[in-house]
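Novice: Below is the structure I would like to discuss, written out as structure tokens.
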Number of protein chains: 2
Amino acid sequence: MHDPLEFLRTVRSVAIATIDDGRPAVRMTDVMLHENGKLYFLTARGKAYYRQLKDDPEIAIVAMDKNYVMVRVKGRIEFVGQELLERIFDQNPAMKELYPGDTREILEVFCLSKGTGEVFDLSVVPPEREKFAFGGATVEKSGYLINDNCIACGVCKDACPVGAIIEGEIYTINASICLKCGNCYEKCPVDAIELIK
Amino acid sequence: MHDPLEFLRTVRSVAIATIDDGRPAVRMTDVMLHENGKLYFLTARGKAYYRQLKDDPEIAIVAMDKNYVMVRVKGRIEFVGQELLERIFDQNPAMKELYPGDTREILEVFCLSKGTGEVFDLSVVPPEREKFAFGGATVEKSGYLINDNCIACGVCKDACPVGAIIEGEIYTINASICLKCGNCYEKCPVDAIELIK
């Protein structure tokens, strides 16, 4: 995918998860701007959502388009003041109807400028995944790998629902289609499959 | 709305938020079944999502349809064993392609049988909201109310972006359209507006 952040702005309505006093909370919200590699959002100071972000600025975002392409991003937001409100309202005209006149003063703009993420394309079988990072973050490793305890017995290959396991002296996992379901990990008779931390 | 849980099954792809070692995590996932007032989902034992649910079974769900009707639900899930897998695969044929043959053994079914939620209809201006609860949970109160310190000055009415404030000896808030933005709360000159806990 060319630019997963632009994908999120194009889908527009994304789900943003926060922590609410130790519990998960999530709502649909619009990506208001995508500029200079940053995503901008809005909330109002009176909302539970605002209080959650003030308590803990870590968020996780997910969106899916009509073609079943899913993008997930996580990172730590920063509040950026109200300078961008004018441009946000110009580029998101529905906001003018929702917060007419001076009532927009209750809104606060925040942005995500650094984070990690993953594109998961469910429009193809098997689904394809690709990790990414932006704003100076490092791509996170996760999932499974086969170590040199592998005896090349092929049990993992039969256990894989999507054909992600490649034969060899030591078998390997094609991370770009691995579902991370763990079936190979459970079935390997010699514990040669590890969860990457 | 007739049945917000059936809405979630109809939209099918919903965002489910969990806690990942103290941080928010979220992914799109399908509602596999809606039966007897319960929502059923799947995950695989090898996924981070499964580990998160085992560590902390509290989830928050959000989904929005093409008409900008949003439903949010939160509650505590329970794992229910694999008895329902056959029916889930029958009613969600794409699963047969994704987890062919015996590979489905890696999947675990969980359900949400009790929770609270809200319907937020953004297809109308102002948006309308309605709270609900299911499985024996109690509808949660939230938002703002005007107490008897109100001097009926009308400042709150002017501050409300959506016309949710109703004149009277003591002004009142129409909770069905209140955005919970907090502008009235900030602007009230006599601190007559309270956040409901």
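Labels for the structure tokens follow display order: chains A, B, ..., residues from 1 in each chain, ligands from 1.
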Which residues are near Asn183 (chain B)? Cut-off 12 Å, only C-alpha atoms, ignore same chain within fewer than 4 positions. Put them as a count of residues only.

Specialist: 34

Novice: If we count only C-alpha atoms and set the cut-off at 10 Å, which residues sit around Ala25 (chain A), ignoring sequence neighbours fewer than 4 positions away in its own chain? Please answer as a list in words.

Specialist: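 With the cut-off at 10 Å, the set is Ile16, Ala17, Thr18, Ile19, Asp20, Asp21, Ala48, Tyr49 and Gln52 of chain A; Ile16, Ala17, Thr18, Ile19, Pro24, Ala25, Val26, Glu58, Ile59, Ala60, Ile61, Val62, Arg72, Val73 and Lys74 of chain B.
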
Novice: Take CA of Thr10 (chain A) and CA of Asp55 (chain A) and report the distance between them in Å, one decimal.

Specialist: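 Value for the CA of Thr10 (chain A)-CA of Asp55 (chain A) distance: 29.0 Å.
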
Novice: Tell me, in Å to one decimal, how far CA of Arg12 (chain B) is from CA of Ser123 (chain B).

Specialist: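 One can read the CA of Arg12 (chain B) to CA of Ser123 (chain B) distance as 19.4 Å.
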
Novice: Of the residues B:Arg76, B:Arg129, B:Arg9, B:Arg23, which is the one nearest to Cys111 (chain B), using only C-alpha atoms?

Specialist: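 Checking each candidate against Cys111 (chain B), we get B:Arg76 as the closest.
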
Novice: Which residue, A:Cys181, A:Ala133, A:Ile146, A:Leu8, has the smallest gap to chain B when you use only C-alpha atoms?

Specialist: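 Using only C-alpha atoms, the shortest distance to chain B belongs to A:Cys181.
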
Novice: Under the rule that only C-alpha atoms are counted, which of A:Gly37, A:Pro127, A:Gly81, A:Gly168 is the nearest residue to chain B?

Specialist: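 The shortest atom-to-atom distance to chain B comes from A:Pro127.
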
Novice: Just the strand (DSSP E) stuff from region 11-120 of chain B, please, per backbone DSSP, written as a ChimeraX atom specification.

Specialist: /B:13-20,23-30,33-35,38-44,58-64,69-76,78-79,107-112,115-120

Novice: In Å, how far is it from CA of Val71 (chain A) to CA of Gly115 (chain B)?

Specialist: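 Distance between the two atoms: 27.3 Å.
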
Novice: Report as a PDB file with C-alpha atoms, in the first residue's frame all protein, DNA and RNA residues lying within 8 Å of Glu78 (chain A), evaluated on only C-alpha atoms, omitting residues in the same chain fewer than 3 positions from it.

Specialist:
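Result file is part.pdb:
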```
ATOM      1  CA  PRO A  57      -2.643   9.391  25.308  1.00  0.00           C
ATOM      2  CA  PHE A 110      -4.904  16.230  18.548  1.00  0.00           C
ATOM      3  CA  CYS A 111      -2.524  14.463  16.263  1.00  0.00           C
ATOM      4  CA  LEU A 112      -0.692  11.217  15.843  1.00  0.00           C
TER       5      LEU A 112
END
```

Novice: Which polymer residues have any atom within 10 Å of an atom of Glu6 (chain A), counting only C-alpha atoms, with same-chain residues fewer than 3 positions away left out, as a list of chain:residue names?

Specialist: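 Selected residues are A:Met1, A:His2, A:Asp3, A:Arg9, A:Thr10, A:Val11, A:Arg12, A:Val31, A:Leu33, A:His34, A:Glu35, A:Gly37, A:Lys38, A:Leu39.
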
Novice: Could you check which of B:Val139, B:Ala192, B:Met32, B:Val69 is closest to chain A, using only C-alpha atoms?

Specialist: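 For chain A, the nearest of the given residues is B:Val69.
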
Novice: Pick the closest to Thr29 (chain A) from A:Val190, A:Ala63, A:Val125, A:Leu84: which is it, counting only C-alpha atoms?

Specialist: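 That would be A:Ala63, the residue with the smallest distance to Thr29 (chain A).
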
Novice: From region 97-168 of chain B, collect each residue whose DSSP state is alpha helix (DSSP H) and return the set as number ranges by chain.

Specialist: B: 97-98, 155-159

Novice: Next, the residues of the selection above should be written as a PDB file, in the first residue's frame with N, CA, C and O atoms.

Specialist:
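Below is the file selection.pdb, written as the result:
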```
ATOM      1  N   GLU B  97     -12.907 -21.160   3.832  1.00  0.00           N
ATOM      2  CA  GLU B  97     -11.793 -20.915   2.931  1.00  0.00           C
ATOM      3  C   GLU B  97     -10.548 -20.513   3.735  1.00  0.00           C
ATOM      4  O   GLU B  97      -9.431 -20.900   3.402  1.00  0.00           O
ATOM      5  N   LEU B  98     -10.766 -19.751   4.795  1.00  0.00           N
ATOM      6  CA  LEU B  98      -9.642 -19.224   5.577  1.00  0.00           C
ATOM      7  C   LEU B  98      -9.030 -20.297   6.488  1.00  0.00           C
ATOM      8  O   LEU B  98      -7.808 -20.345   6.654  1.00  0.00           O
ATOM      9  N   VAL B 155     -27.497  31.182  28.971  1.00  0.00           N
ATOM     10  CA  VAL B 155     -26.135  31.087  28.423  1.00  0.00           C
ATOM     11  C   VAL B 155     -25.881  29.688  27.856  1.00  0.00           C
ATOM     12  O   VAL B 155     -25.298  29.536  26.776  1.00  0.00           O
ATOM     13  N   CYS B 156     -26.335  28.677  28.559  1.00  0.00           N
ATOM     14  CA  CYS B 156     -26.107  27.295  28.117  1.00  0.00           C
ATOM     15  C   CYS B 156     -26.804  27.030  26.785  1.00  0.00           C
ATOM     16  O   CYS B 156     -26.272  26.354  25.909  1.00  0.00           O
ATOM     17  N   LYS B 157     -27.992  27.576  26.641  1.00  0.00           N
ATOM     18  CA  LYS B 157     -28.760  27.369  25.402  1.00  0.00           C
ATOM     19  C   LYS B 157     -27.999  27.941  24.199  1.00  0.00           C
ATOM     20  O   LYS B 157     -27.911  27.313  23.142  1.00  0.00           O
ATOM     21  N   ASP B 158     -27.413  29.119  24.392  1.00  0.00           N
ATOM     22  CA  ASP B 158     -26.637  29.723  23.300  1.00  0.00           C
ATOM     23  C   ASP B 158     -25.357  28.937  23.024  1.00  0.00           C
ATOM     24  O   ASP B 158     -24.849  28.948  21.898  1.00  0.00           O
ATOM     25  N   ALA B 159     -24.830  28.293  24.061  1.00  0.00           N
ATOM     26  CA  ALA B 159     -23.559  27.579  23.908  1.00  0.00           C
ATOM     27  C   ALA B 159     -23.736  26.209  23.260  1.00  0.00           C
ATOM     28  O   ALA B 159     -22.767  25.622  22.766  1.00  0.00           O
TER      29      ALA B 159
END
```

Novice: Please list as an MDAnalysis selection string every residue within 10 Å of Ile166 (chain A), counting only C-alpha atoms and excluding residues in the same chain fewer than 4 positions away.

Specialist: chainID A and resid 154 156:157 170:174

Novice: In terms of the shortest atom-to-atom distance over only C-alpha atoms, which of B:Leu53, B:Ile77, B:Leu42, B:Val119 is closest to Phe89 (chain B)?

Specialist: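 Closest residue, counting only C-alpha atoms: B:Leu42.
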